[in-house]
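As provided, final.cif (mmCIF, C-alpha atoms and all ligand atoms) reads as follows.
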data_run
loop_
_atom_site.group_PDB
_atom_site.id
_atom_site.type_symbol
_atom_site.label_atom_id
_atom_site.label_comp_id
_atom_site.auth_asym_id
_atom_site.auth_seq_id
_atom_site.Cartn_x
_atom_site.Cartn_y
_atom_site.Cartn_z
ATOM 1 C CA MET A 1 145.805 108.168 175.350
ATOM 2 C CA THR A 2 143.201 105.420 175.810
ATOM 3 C CA ILE A 3 140.677 105.159 173.012
ATOM 4 C CA PRO A 4 137.208 103.950 174.071
ATOM 5 C CA SER A 5 136.064 100.693 172.483
ATOM 6 C CA VAL A 6 132.930 98.788 171.682
ATOM 7 C CA SER A 7 132.607 95.154 172.681
ATOM 8 C CA LEU A 8 132.018 92.439 170.124
ATOM 9 C CA PRO A 9 129.959 89.277 170.649
ATOM 10 C CA SER A 10 133.213 87.285 171.141
ATOM 11 C CA GLY A 11 134.092 89.494 174.116
ATOM 12 C CA ASP A 12 136.887 91.184 172.148
ATOM 13 C CA THR A 13 136.949 94.961 172.140
ATOM 14 C CA MET A 14 137.220 97.137 169.053
ATOM 15 C CA PRO A 15 138.638 100.665 169.394
ATOM 16 C CA ILE A 16 135.948 103.146 168.412
ATOM 17 C CA VAL A 17 138.342 105.096 166.172
ATOM 18 C CA GLY A 18 140.529 103.449 163.570
ATOM 19 C CA ALA A 19 142.610 104.580 160.626
ATOM 20 C CA GLY A 20 141.072 104.001 157.193
ATOM 21 C CA THR A 21 143.411 103.242 154.306
ATOM 22 C CA TRP A 22 141.332 103.168 151.118
ATOM 23 C CA ASP A 23 142.981 104.733 148.076
ATOM 24 C CA ILE A 24 146.414 105.259 149.593
ATOM 25 C CA GLU A 25 149.362 103.163 148.527
ATOM 26 C CA GLY A 26 153.177 103.034 148.683
ATOM 27 C CA ASP A 27 154.934 105.490 150.998
ATOM 28 C CA THR A 28 151.711 107.444 151.508
ATOM 29 C CA VAL A 29 150.031 104.534 153.259
ATOM 30 C CA ARG A 30 153.232 103.627 155.151
ATOM 31 C CA ASP A 31 153.521 107.202 156.462
ATOM 32 C CA SER A 32 149.828 107.435 157.235
ATOM 33 C CA VAL A 33 149.726 104.190 159.232
ATOM 34 C CA ARG A 34 153.017 104.953 161.009
ATOM 35 C CA THR A 35 151.727 108.407 161.983
ATOM 36 C CA ALA A 36 148.446 106.925 163.186
ATOM 37 C CA LEU A 37 150.203 104.345 165.363
ATOM 38 C CA ASP A 38 152.589 106.985 166.746
ATOM 39 C CA THR A 39 149.588 109.191 167.541
ATOM 40 C CA GLY A 40 147.838 106.504 169.585
ATOM 41 C CA TYR A 41 145.611 104.731 167.055
ATOM 42 C CA THR A 42 145.504 100.990 167.694
ATOM 43 C CA HIS A 43 143.023 100.080 164.971
ATOM 44 C CA ILE A 44 143.752 99.861 161.240
ATOM 45 C CA ASP A 45 141.248 99.127 158.470
ATOM 46 C CA THR A 46 142.360 97.702 155.130
ATOM 47 C CA ALA A 47 141.143 95.285 152.453
ATOM 48 C CA GLU A 48 142.658 93.071 149.775
ATOM 49 C CA GLY A 49 140.973 95.408 147.304
ATOM 50 C CA TYR A 50 142.965 98.400 148.571
ATOM 51 C CA ARG A 51 146.180 96.765 147.322
ATOM 52 C CA ASN A 52 148.144 98.221 150.216
ATOM 53 C CA GLU A 53 148.304 95.339 152.692
ATOM 54 C CA ALA A 54 152.009 94.678 152.058
ATOM 55 C CA GLU A 55 152.933 98.303 152.829
ATOM 56 C CA ILE A 56 150.816 98.200 155.982
ATOM 57 C CA GLY A 57 152.525 94.920 156.881
ATOM 58 C CA ASP A 58 155.922 96.674 156.642
ATOM 59 C CA VAL A 59 154.802 99.142 159.297
ATOM 60 C CA LEU A 60 153.102 96.553 161.506
ATOM 61 C CA ALA A 61 156.327 94.525 161.639
ATOM 62 C CA ASP A 62 157.776 97.245 163.935
ATOM 63 C CA ASN A 63 154.817 97.142 166.335
ATOM 64 C CA ASP A 64 153.424 94.890 169.027
ATOM 65 C CA ARG A 65 150.734 92.975 167.137
ATOM 66 C CA ASP A 66 148.748 92.114 170.250
ATOM 67 C CA GLU A 67 148.181 95.808 170.954
ATOM 68 C CA LEU A 68 146.520 96.328 167.573
ATOM 69 C CA PHE A 69 143.078 95.700 166.124
ATOM 70 C CA LEU A 70 143.477 94.824 162.465
ATOM 71 C CA THR A 71 140.665 94.484 159.928
ATOM 72 C CA SER A 72 140.818 93.254 156.359
ATOM 73 C CA LYS A 73 138.157 92.327 153.812
ATOM 74 C CA VAL A 74 137.639 89.721 151.147
ATOM 75 C CA LEU A 75 136.525 90.895 147.703
ATOM 76 C CA PRO A 76 133.126 89.923 146.304
ATOM 77 C CA SER A 77 134.906 88.113 143.477
ATOM 78 C CA ASN A 78 136.568 85.789 146.056
ATOM 79 C CA LEU A 79 133.579 84.585 148.035
ATOM 80 C CA ASN A 80 133.486 80.903 147.169
ATOM 81 C CA TYR A 81 134.848 78.596 149.890
ATOM 82 C CA GLU A 82 138.403 77.985 148.670
ATOM 83 C CA SER A 83 138.842 81.560 147.465
ATOM 84 C CA VAL A 84 137.947 82.975 150.896
ATOM 85 C CA LEU A 85 140.581 80.742 152.519
ATOM 86 C CA GLU A 86 143.189 81.724 149.918
ATOM 87 C CA ALA A 87 142.340 85.425 150.100
ATOM 88 C CA CYS A 88 142.709 85.370 153.873
ATOM 89 C CA GLU A 89 146.087 83.567 153.681
ATOM 90 C CA SER A 90 147.287 86.172 151.227
ATOM 91 C CA SER A 91 146.133 89.052 153.462
ATOM 92 C CA LEU A 92 147.819 87.486 156.503
ATOM 93 C CA ARG A 93 151.084 87.009 154.601
ATOM 94 C CA LYS A 94 151.109 90.578 153.291
ATOM 95 C CA LEU A 95 150.136 92.065 156.640
ATOM 96 C CA ASN A 96 152.927 90.157 158.414
ATOM 97 C CA THR A 97 150.554 88.606 160.913
ATOM 98 C CA ASP A 98 149.035 85.229 161.728
ATOM 99 C CA TYR A 99 145.566 86.512 162.592
ATOM 100 C CA LEU A 100 143.066 89.250 161.807
ATOM 101 C CA ASP A 101 140.944 90.767 164.551
ATOM 102 C CA LEU A 102 138.119 91.211 162.054
ATOM 103 C CA TYR A 103 137.550 89.803 158.576
ATOM 104 C CA LEU A 104 134.716 91.243 156.507
ATOM 105 C CA ILE A 105 132.917 90.333 153.311
ATOM 106 C CA HIS A 106 133.633 93.587 151.479
ATOM 107 C CA TRP A 107 130.458 93.651 149.375
ATOM 108 C CA PRO A 108 127.637 91.153 148.937
ATOM 109 C CA ASN A 109 127.794 88.970 145.842
ATOM 110 C CA PRO A 110 124.425 87.475 144.915
ATOM 111 C CA ALA A 111 126.160 85.097 142.479
ATOM 112 C CA VAL A 112 127.839 83.116 145.290
ATOM 113 C CA SER A 113 126.150 81.169 148.086
ATOM 114 C CA LEU A 114 126.369 83.157 151.308
ATOM 115 C CA ARG A 115 126.207 79.852 153.212
ATOM 116 C CA GLU A 116 129.398 78.752 151.440
ATOM 117 C CA THR A 117 131.138 82.041 152.244
ATOM 118 C CA MET A 118 130.100 81.920 155.891
ATOM 119 C CA ASN A 119 131.295 78.309 156.148
ATOM 120 C CA ALA A 120 134.725 79.467 154.999
ATOM 121 C CA MET A 121 134.647 82.329 157.501
ATOM 122 C CA GLU A 122 133.782 79.836 160.234
ATOM 123 C CA ARG A 123 136.710 77.625 159.187
ATOM 124 C CA LEU A 124 139.098 80.593 159.420
ATOM 125 C CA HIS A 125 137.672 81.380 162.843
ATOM 126 C CA GLU A 126 138.166 77.775 164.016
ATOM 127 C CA GLN A 127 141.760 77.913 162.779
ATOM 128 C CA GLY A 128 142.376 81.063 164.834
ATOM 129 C CA LYS A 129 143.194 83.078 161.718
ATOM 130 C CA VAL A 130 140.195 85.354 162.152
ATOM 131 C CA ARG A 131 139.017 86.375 165.619
ATOM 132 C CA ASN A 132 135.741 87.986 164.517
ATOM 133 C CA VAL A 133 133.809 87.933 161.267
ATOM 134 C CA GLY A 134 131.557 90.499 159.722
ATOM 135 C CA VAL A 135 130.125 91.995 156.583
ATOM 136 C CA SER A 136 130.290 95.304 154.813
ATOM 137 C CA ASN A 137 127.818 97.202 152.665
ATOM 138 C CA PHE A 138 125.070 94.722 153.566
ATOM 139 C CA SER A 139 121.441 95.835 153.642
ATOM 140 C CA ALA A 140 119.257 94.647 156.527
ATOM 141 C CA TYR A 141 117.913 91.883 154.273
ATOM 142 C CA GLN A 142 121.396 90.716 153.279
ATOM 143 C CA LEU A 143 122.570 90.888 156.888
ATOM 144 C CA SER A 144 119.588 88.859 157.994
ATOM 145 C CA ALA A 145 120.472 86.192 155.404
ATOM 146 C CA ALA A 146 124.059 86.087 156.704
ATOM 147 C CA GLU A 147 122.790 85.726 160.274
ATOM 148 C CA HIS A 148 120.544 82.837 159.254
ATOM 149 C CA VAL A 149 123.296 80.795 157.600
ATOM 150 C CA SER A 150 126.197 81.589 159.929
ATOM 151 C CA ASN A 151 127.097 79.446 162.941
ATOM 152 C CA ILE A 152 129.217 82.234 164.392
ATOM 153 C CA PRO A 153 127.991 85.740 165.193
ATOM 154 C CA ILE A 154 128.226 88.466 162.590
ATOM 155 C CA ALA A 155 130.095 90.981 164.729
ATOM 156 C CA VAL A 156 130.087 94.044 162.475
ATOM 157 C CA ASN A 157 128.440 95.625 159.446
ATOM 158 C CA GLN A 158 130.773 98.246 157.963
ATOM 159 C CA ILE A 159 128.559 100.649 156.030
ATOM 160 C CA GLU A 160 128.561 104.158 154.696
ATOM 161 C CA PHE A 161 127.332 106.316 157.580
ATOM 162 C CA HIS A 162 127.631 110.055 158.285
ATOM 163 C CA PRO A 163 125.249 112.958 159.030
ATOM 164 C CA TRP A 164 124.124 113.156 155.404
ATOM 165 C CA PHE A 165 123.449 109.401 155.158
ATOM 166 C CA GLN A 166 122.044 108.081 158.442
ATOM 167 C CA ARG A 167 120.142 104.965 157.286
ATOM 168 C CA PRO A 168 117.850 104.659 160.333
ATOM 169 C CA ASP A 169 116.213 101.337 159.347
ATOM 170 C CA LEU A 170 119.527 99.589 158.723
ATOM 171 C CA ILE A 171 121.018 100.995 161.935
ATOM 172 C CA GLU A 172 118.000 99.825 163.911
ATOM 173 C CA TYR A 173 118.247 96.324 162.433
ATOM 174 C CA CYS A 174 121.970 96.110 163.274
ATOM 175 C CA ARG A 175 121.284 97.184 166.853
ATOM 176 C CA GLU A 176 118.371 94.753 167.247
ATOM 177 C CA THR A 177 120.566 91.840 166.164
ATOM 178 C CA ASP A 178 123.642 92.879 168.165
ATOM 179 C CA VAL A 179 125.764 93.747 165.138
ATOM 180 C CA ARG A 180 128.206 96.621 165.702
ATOM 181 C CA ILE A 181 128.065 99.462 163.209
ATOM 182 C CA GLU A 182 131.276 100.699 161.664
ATOM 183 C CA ALA A 183 131.130 103.914 159.634
ATOM 184 C CA ALA A 184 132.968 103.751 156.318
ATOM 185 C CA ALA A 185 133.597 107.174 154.789
ATOM 186 C CA PRO A 186 132.597 108.784 158.127
ATOM 187 C CA LEU A 187 133.604 112.203 156.746
ATOM 188 C CA ALA A 188 131.618 111.666 153.536
ATOM 189 C CA ARG A 189 134.997 112.062 151.811
ATOM 190 C CA GLY A 190 134.960 115.719 152.810
ATOM 191 C CA GLU A 191 131.683 116.512 151.020
ATOM 192 C CA LEU A 192 129.869 117.595 154.172
ATOM 193 C CA PHE A 193 132.482 120.049 155.467
ATOM 194 C CA GLY A 194 130.534 122.895 153.836
ATOM 195 C CA ASP A 195 127.325 121.988 155.702
ATOM 196 C CA ASP A 196 126.182 125.109 157.603
ATOM 197 C CA THR A 197 125.165 123.245 160.771
ATOM 198 C CA ILE A 198 128.457 121.384 160.927
ATOM 199 C CA GLN A 199 130.413 124.581 160.356
ATOM 200 C CA GLU A 200 128.420 126.419 163.051
ATOM 201 C CA LEU A 201 129.003 123.623 165.556
ATOM 202 C CA ALA A 202 132.715 123.566 164.711
ATOM 203 C CA ASP A 203 132.867 127.291 165.512
ATOM 204 C CA LYS A 204 130.819 126.875 168.690
ATOM 205 C CA TYR A 205 132.987 124.071 170.113
ATOM 206 C CA ASP A 206 136.255 125.406 168.674
ATOM 207 C CA LYS A 207 136.745 122.126 166.814
ATOM 208 C CA THR A 208 137.021 121.309 163.117
ATOM 209 C CA PRO A 209 134.085 120.093 160.993
ATOM 210 C CA ALA A 210 135.768 116.662 160.819
ATOM 211 C CA GLN A 211 135.882 116.455 164.617
ATOM 212 C CA VAL A 212 132.217 117.451 164.954
ATOM 213 C CA VAL A 213 131.155 114.748 162.506
ATOM 214 C CA LEU A 214 133.321 112.044 164.109
ATOM 215 C CA ARG A 215 132.275 112.993 167.643
ATOM 216 C CA TRP A 216 128.604 112.764 166.616
ATOM 217 C CA ALA A 217 129.152 109.203 165.348
ATOM 218 C CA VAL A 218 131.106 107.941 168.363
ATOM 219 C CA GLU A 219 128.407 109.363 170.649
ATOM 220 C CA LYS A 220 126.146 106.803 168.951
ATOM 221 C CA ASP A 221 128.649 103.982 169.641
ATOM 222 C CA VAL A 222 129.397 103.850 165.940
ATOM 223 C CA VAL A 223 133.017 102.945 165.167
ATOM 224 C CA VAL A 224 134.670 105.454 162.801
ATOM 225 C CA ILE A 225 137.609 104.866 160.461
ATOM 226 C CA PRO A 226 138.504 108.238 158.908
ATOM 227 C CA LYS A 227 141.260 108.122 156.300
ATOM 228 C CA SER A 228 143.906 110.806 156.030
ATOM 229 C CA SER A 229 147.345 111.259 154.563
ATOM 230 C CA SER A 230 147.914 114.448 156.587
ATOM 231 C CA ALA A 231 149.607 114.103 159.973
ATOM 232 C CA ASP A 232 147.611 117.057 161.328
ATOM 233 C CA HIS A 233 144.320 115.514 160.257
ATOM 234 C CA ILE A 234 145.281 112.112 161.655
ATOM 235 C CA ARG A 235 145.936 113.712 165.060
ATOM 236 C CA GLU A 236 142.770 115.784 164.873
ATOM 237 C CA ASN A 237 140.592 112.789 164.011
ATOM 238 C CA ILE A 238 141.370 111.013 167.253
ATOM 239 C CA ALA A 239 141.137 114.050 169.565
ATOM 240 C CA LEU A 240 137.495 113.342 170.318
ATOM 241 C CA PHE A 241 137.311 112.256 173.909
ATOM 242 C CA ASP A 242 137.813 115.275 176.158
ATOM 243 C CA TRP A 243 134.696 117.117 174.936
ATOM 244 C CA LYS A 244 131.162 116.307 173.809
ATOM 245 C CA LEU A 245 128.258 117.707 171.862
ATOM 246 C CA ASP A 246 125.349 118.797 173.987
ATOM 247 C CA GLU A 247 122.086 116.943 173.376
ATOM 248 C CA THR A 248 120.479 119.709 171.329
ATOM 249 C CA ASP A 249 123.471 120.002 169.036
ATOM 250 C CA HIS A 250 123.682 116.243 168.623
ATOM 251 C CA GLN A 251 119.983 116.236 167.720
ATOM 252 C CA HIS A 252 120.516 119.093 165.283
ATOM 253 C CA LEU A 253 122.916 116.858 163.327
ATOM 254 C CA ASP A 254 120.422 113.978 163.544
ATOM 255 C CA ASP A 255 117.882 116.277 161.918
ATOM 256 C CA GLY A 256 120.192 117.038 158.980
ATOM 257 C CA ASP A 257 119.968 113.649 157.229
ATOM 258 C CA ARG A 258 119.804 114.088 153.437
ATOM 259 C CA ASN A 259 119.797 110.401 152.484
ATOM 260 C CA HIS A 260 122.872 111.337 150.443
ATOM 261 C CA PRO A 261 125.525 108.621 149.959
ATOM 262 C CA VAL A 262 128.977 109.434 148.605
ATOM 263 C CA TYR A 263 130.000 105.922 147.620
ATOM 264 C CA ASP A 264 127.182 103.456 148.283
ATOM 265 C CA THR A 265 125.184 104.746 145.351
ATOM 266 C CA ALA A 266 122.877 102.985 142.938
ATOM 267 C CA THR A 267 125.188 103.856 140.037
ATOM 268 C CA ARG A 268 128.160 101.840 141.325
ATOM 269 C CA ASP A 269 130.069 100.081 138.552
ATOM 270 C CA TRP A 270 129.600 96.348 139.112
ATOM 271 C CA THR A 271 131.729 95.501 136.059
ATOM 272 C CA ASP A 272 134.848 96.954 137.679
ATOM 273 C CA ASP A 273 137.635 94.359 138.078
ATOM 274 C CA ILE A 274 137.831 94.736 141.859
ATOM 275 C CA TYR A 275 134.197 94.887 142.892
ATOM 276 C CA GLY A 276 132.716 93.088 139.920
ATOM 277 C CA ILE A 277 131.199 89.641 139.974
ATOM 278 C CA ALA A 278 133.545 87.107 138.338
ATOM 279 C CA ARG A 279 132.171 84.620 135.784
HETATM 280 N N1 LIG B 1 133.763 98.860 153.288
HETATM 281 C C1 LIG B 1 133.753 99.706 152.278
HETATM 282 O O1 LIG B 1 133.241 99.431 151.188
HETATM 283 C C2 LIG B 1 134.376 101.042 152.477
HETATM 284 C C3 LIG B 1 134.025 102.104 151.642
HETATM 285 C C4 LIG B 1 134.587 103.343 151.893
HETATM 286 C C5 LIG B 1 135.499 103.493 152.919
HETATM 287 N N2 LIG B 1 135.858 102.433 153.695
HETATM 288 C C6 LIG B 1 136.838 102.560 154.786
HETATM 289 O O2 LIG B 1 136.576 103.780 155.464
HETATM 290 C C7 LIG B 1 137.740 104.604 155.400
HETATM 291 C C8 LIG B 1 137.355 106.065 155.364
HETATM 292 O O3 LIG B 1 136.576 106.347 154.223
HETATM 293 P P1 LIG B 1 137.145 107.211 152.982
HETATM 294 O O4 LIG B 1 138.597 107.088 152.915
HETATM 295 O O5 LIG B 1 136.366 106.779 151.805
HETATM 296 O O6 LIG B 1 136.659 108.686 153.298
HETATM 297 P P2 LIG B 1 136.622 109.652 154.589
HETATM 298 O O7 LIG B 1 137.453 109.119 155.679
HETATM 299 O O8 LIG B 1 135.189 109.960 154.822
HETATM 300 O O9 LIG B 1 137.274 110.952 153.987
HETATM 301 C C9 LIG B 1 138.609 110.981 153.589
HETATM 302 C C10 LIG B 1 138.902 112.386 153.069
HETATM 303 O O10 LIG B 1 138.760 113.333 154.128
HETATM 304 C C11 LIG B 1 139.955 114.089 154.266
HETATM 305 N N3 LIG B 1 140.168 114.297 155.700
HETATM 306 C C12 LIG B 1 140.443 113.368 156.634
HETATM 307 N N4 LIG B 1 140.534 113.924 157.846
HETATM 308 C C13 LIG B 1 140.319 115.246 157.679
HETATM 309 C C14 LIG B 1 140.299 116.346 158.557
HETATM 310 N N5 LIG B 1 140.494 116.205 159.868
HETATM 311 N N6 LIG B 1 140.057 117.586 158.031
HETATM 312 C C15 LIG B 1 139.857 117.742 156.703
HETATM 313 N N7 LIG B 1 139.869 116.741 155.823
HETATM 314 C C16 LIG B 1 140.090 115.494 156.310
HETATM 315 C C17 LIG B 1 141.056 113.265 153.631
HETATM 316 O O11 LIG B 1 142.030 114.123 153.073
HETATM 317 P P3 LIG B 1 143.515 114.294 153.712
HETATM 318 O O12 LIG B 1 144.272 113.066 153.313
HETATM 319 O O13 LIG B 1 143.992 115.534 153.084
HETATM 320 O O14 LIG B 1 143.332 114.414 155.191
HETATM 321 C C18 LIG B 1 140.306 112.528 152.525
HETATM 322 O O15 LIG B 1 140.221 113.334 151.376
HETATM 323 C C19 LIG B 1 138.434 104.123 154.128
HETATM 324 O O16 LIG B 1 139.770 104.614 154.034
HETATM 325 C C20 LIG B 1 138.289 102.648 154.274
HETATM 326 O O17 LIG B 1 139.212 102.140 155.210
HETATM 327 C C21 LIG B 1 135.297 101.215 153.498
#
Output the structure of this file as structure tokens.
Amino acid sequence: MTIPSVSLPSGDTMPIVGAGTWDIEGDTVRDSVRTALDTGYTHIDTAEGYRNEAEIGDVLADNDRDELFLTSKVLPSNLNYESVLEACESSLRKLNTDYLDLYLIHWPNPAVSLRETMNAMERLHEQGKVRNVGVSNFSAYQLSAAEHVSNIPIAVNQIEFHPWFQRPDLIEYCRETDVRIEAAAPLARGELFGDDTIQELADKYDKTPAQVVLRWAVEKDVVVIPKSSSADHIRENIALFDWKLDETDHQHLDDGDRNHPVYDTATRDWTDDIYGIAR
């Protein structure tokens, strides 16, 4: 099975479906990633904050690295220059690899100079340790700041995106500035499976609600990284390319935006030891 890809400013290609790995550890993440790779996924998304890079590295050791697209992320508490370099080294060591296809700033941190962080990203890029750099959970304003201080292109903004949280202004800004959009929590963590429109379309196309939601995103050239620990779901989530939504049905989902985030909410806990801002 060949998975379609989007092209990045470097000329590299990024498979439009990847396997997410947030909140799974130990044998669960090993099994999930192994199943994904056996099923035909070639793109894995992790982060130092997920604390599962070493388990993913165990699985990657049995695979041809050059066939894979691997993303990791640096925590907001590690965004000063030396910490970015150290965090990346640690991710590379755990993941059993000498380069990342994509390295993202996981969340913005207004307490650290973005120029300093981007300089470190550029250094990693020059060293060949990071092929493409990007950001995650950046607003249009924050992305614009990153673009202004970076000497290398910001290839990707990984953001919460699904039919209930469509963020048209941010999407438009990413497209205008040639930044690829990657949908984190593309299934809204399951919250939107009860949506009547999604359920009706699943019945109409004889697909599952998850497939309808993922197909809708990839039709917009948005990269999706659904996470699952079920082998059936992992297979289902990549079976998206021998059918399509007709224009009216696609539009029907466009019309269902509720401006409803599941994780990128105003009440996020910034004092948390992973996402918090270090003193
Ligand atoms: N950059 C960021 O800050 C950020 C934030 C959030 C997420 N992410 C990335 O995006 C990935 C995906 O987001 P997420 O894990 O938060 O949520 P998600 O992928 O939207 O949803 C995951 C949930 O959906 C279920 N599921 C998956 N496939 C299904 C299917 N075909 N049918 C029914 N249920 C299904 C999973 O349960 P089962 O295990 O039972 O299938 C799990 O409970 C993450 O793992 C992570 O890599 C990044």
- Message: Calculated over all atoms listed in the file, which of the candidates A:Trp22, A:Tyr263, A:Phe138, A:Tyr103 has the smallest distance to ligand LIG 1 (chain B)?
- Response: A:Trp22
- Run the PyMOL selection byres (((chain A and resi 159) around 8) and not hetatm) against the file shown and list the residues it catches, as a ChimeraX atom specification. /A:136-138,157-158,160-161,181-184
- Query: Within 7 Å of ligand LIG 1 (chain B), counting all atoms listed in the file, which protein or nucleic acid residues do you find, written as a ChimeraX atom specification?
  - Reply: /A:19-23,45-46,106-107,136-137,158-160,183-190,208,210-211,225-230,233-234,236-237,263
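Once the PyMOL selection byres (((chain A and resi 242) around 12) and not hetatm) is applied to the shown structure, the selection contains Met1, Thr2, Ile3, Pro4, Tyr205, Lys207, Gln211, Arg215, Ile238, Ala239, Leu240, Phe241, Trp243, Lys244 and Leu245 of chain A.
Taking CA of Pro9 (chain A) and CA of Trp216 (chain A) as endpoints, the distance between them is 23.9 Å.
Distance annotation: of A:Pro163, A:Pro110, A:Gly134, A:Pro168, the residue with the minimal separation from Leu214 (chain A) is A:Pro163; atom set is all atoms listed in the file.
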- Item | Two-atom distance - CA of Val223 (chain A), CA of Val17 (chain A) (Å) | 5.8 Å
- Task: One decimal, Å: what's the distance from CA of Met118 (chain A) over to CA of Ala145 (chain A), could you say?
- Result: 10.5 Å
Could you rebuild region 23-36 of chain A with N, CA and C atoms and give me the result as a tab-separated table (two decimals), in the frame of the given file?
chain	number	residue	atom	x	y	z
A	23	ASP	N	142.47	103.80	149.08
A	23	ASP	CA	142.98	104.73	148.08
A	23	ASP	C	144.30	105.39	148.46
A	24	ILE	N	145.05	104.79	149.37
A	24	ILE	CA	146.41	105.26	149.59
A	24	ILE	C	147.35	104.06	149.50
A	25	GLU	N	148.43	104.27	148.79
A	25	GLU	CA	149.36	103.16	148.53
A	25	GLU	C	150.79	103.62	148.78
A	26	GLY	N	151.75	102.70	148.62
A	26	GLY	CA	153.18	103.03	148.68
A	26	GLY	C	153.55	103.77	149.96
A	27	ASP	N	154.46	104.77	149.81
A	27	ASP	CA	154.93	105.49	151.00
A	27	ASP	C	153.82	106.28	151.67
A	28	THR	N	152.81	106.67	150.90
A	28	THR	CA	151.71	107.44	151.51
A	28	THR	C	151.01	106.60	152.57
A	29	VAL	N	150.73	105.35	152.25
A	29	VAL	CA	150.03	104.53	153.26
A	29	VAL	C	150.98	104.16	154.40
A	30	ARG	N	152.27	103.92	154.06
A	30	ARG	CA	153.23	103.63	155.15
A	30	ARG	C	153.28	104.80	156.12
A	31	ASP	N	153.42	106.02	155.59
A	31	ASP	CA	153.52	107.20	156.46
A	31	ASP	C	152.23	107.40	157.25
A	32	SER	N	151.11	107.21	156.58
A	32	SER	CA	149.83	107.44	157.24
A	32	SER	C	149.64	106.46	158.41
A	33	VAL	N	149.92	105.19	158.17
A	33	VAL	CA	149.73	104.19	159.23
A	33	VAL	C	150.75	104.40	160.35
A	34	ARG	N	152.00	104.72	159.97
A	34	ARG	CA	153.02	104.95	161.01
A	34	ARG	C	152.61	106.15	161.87
A	35	THR	N	152.16	107.22	161.22
A	35	THR	CA	151.73	108.41	161.98
A	35	THR	C	150.56	108.06	162.90
A	36	ALA	N	149.61	107.30	162.36
A	36	ALA	CA	148.45	106.92	163.19
A	36	ALA	C	148.90	106.14	164.41
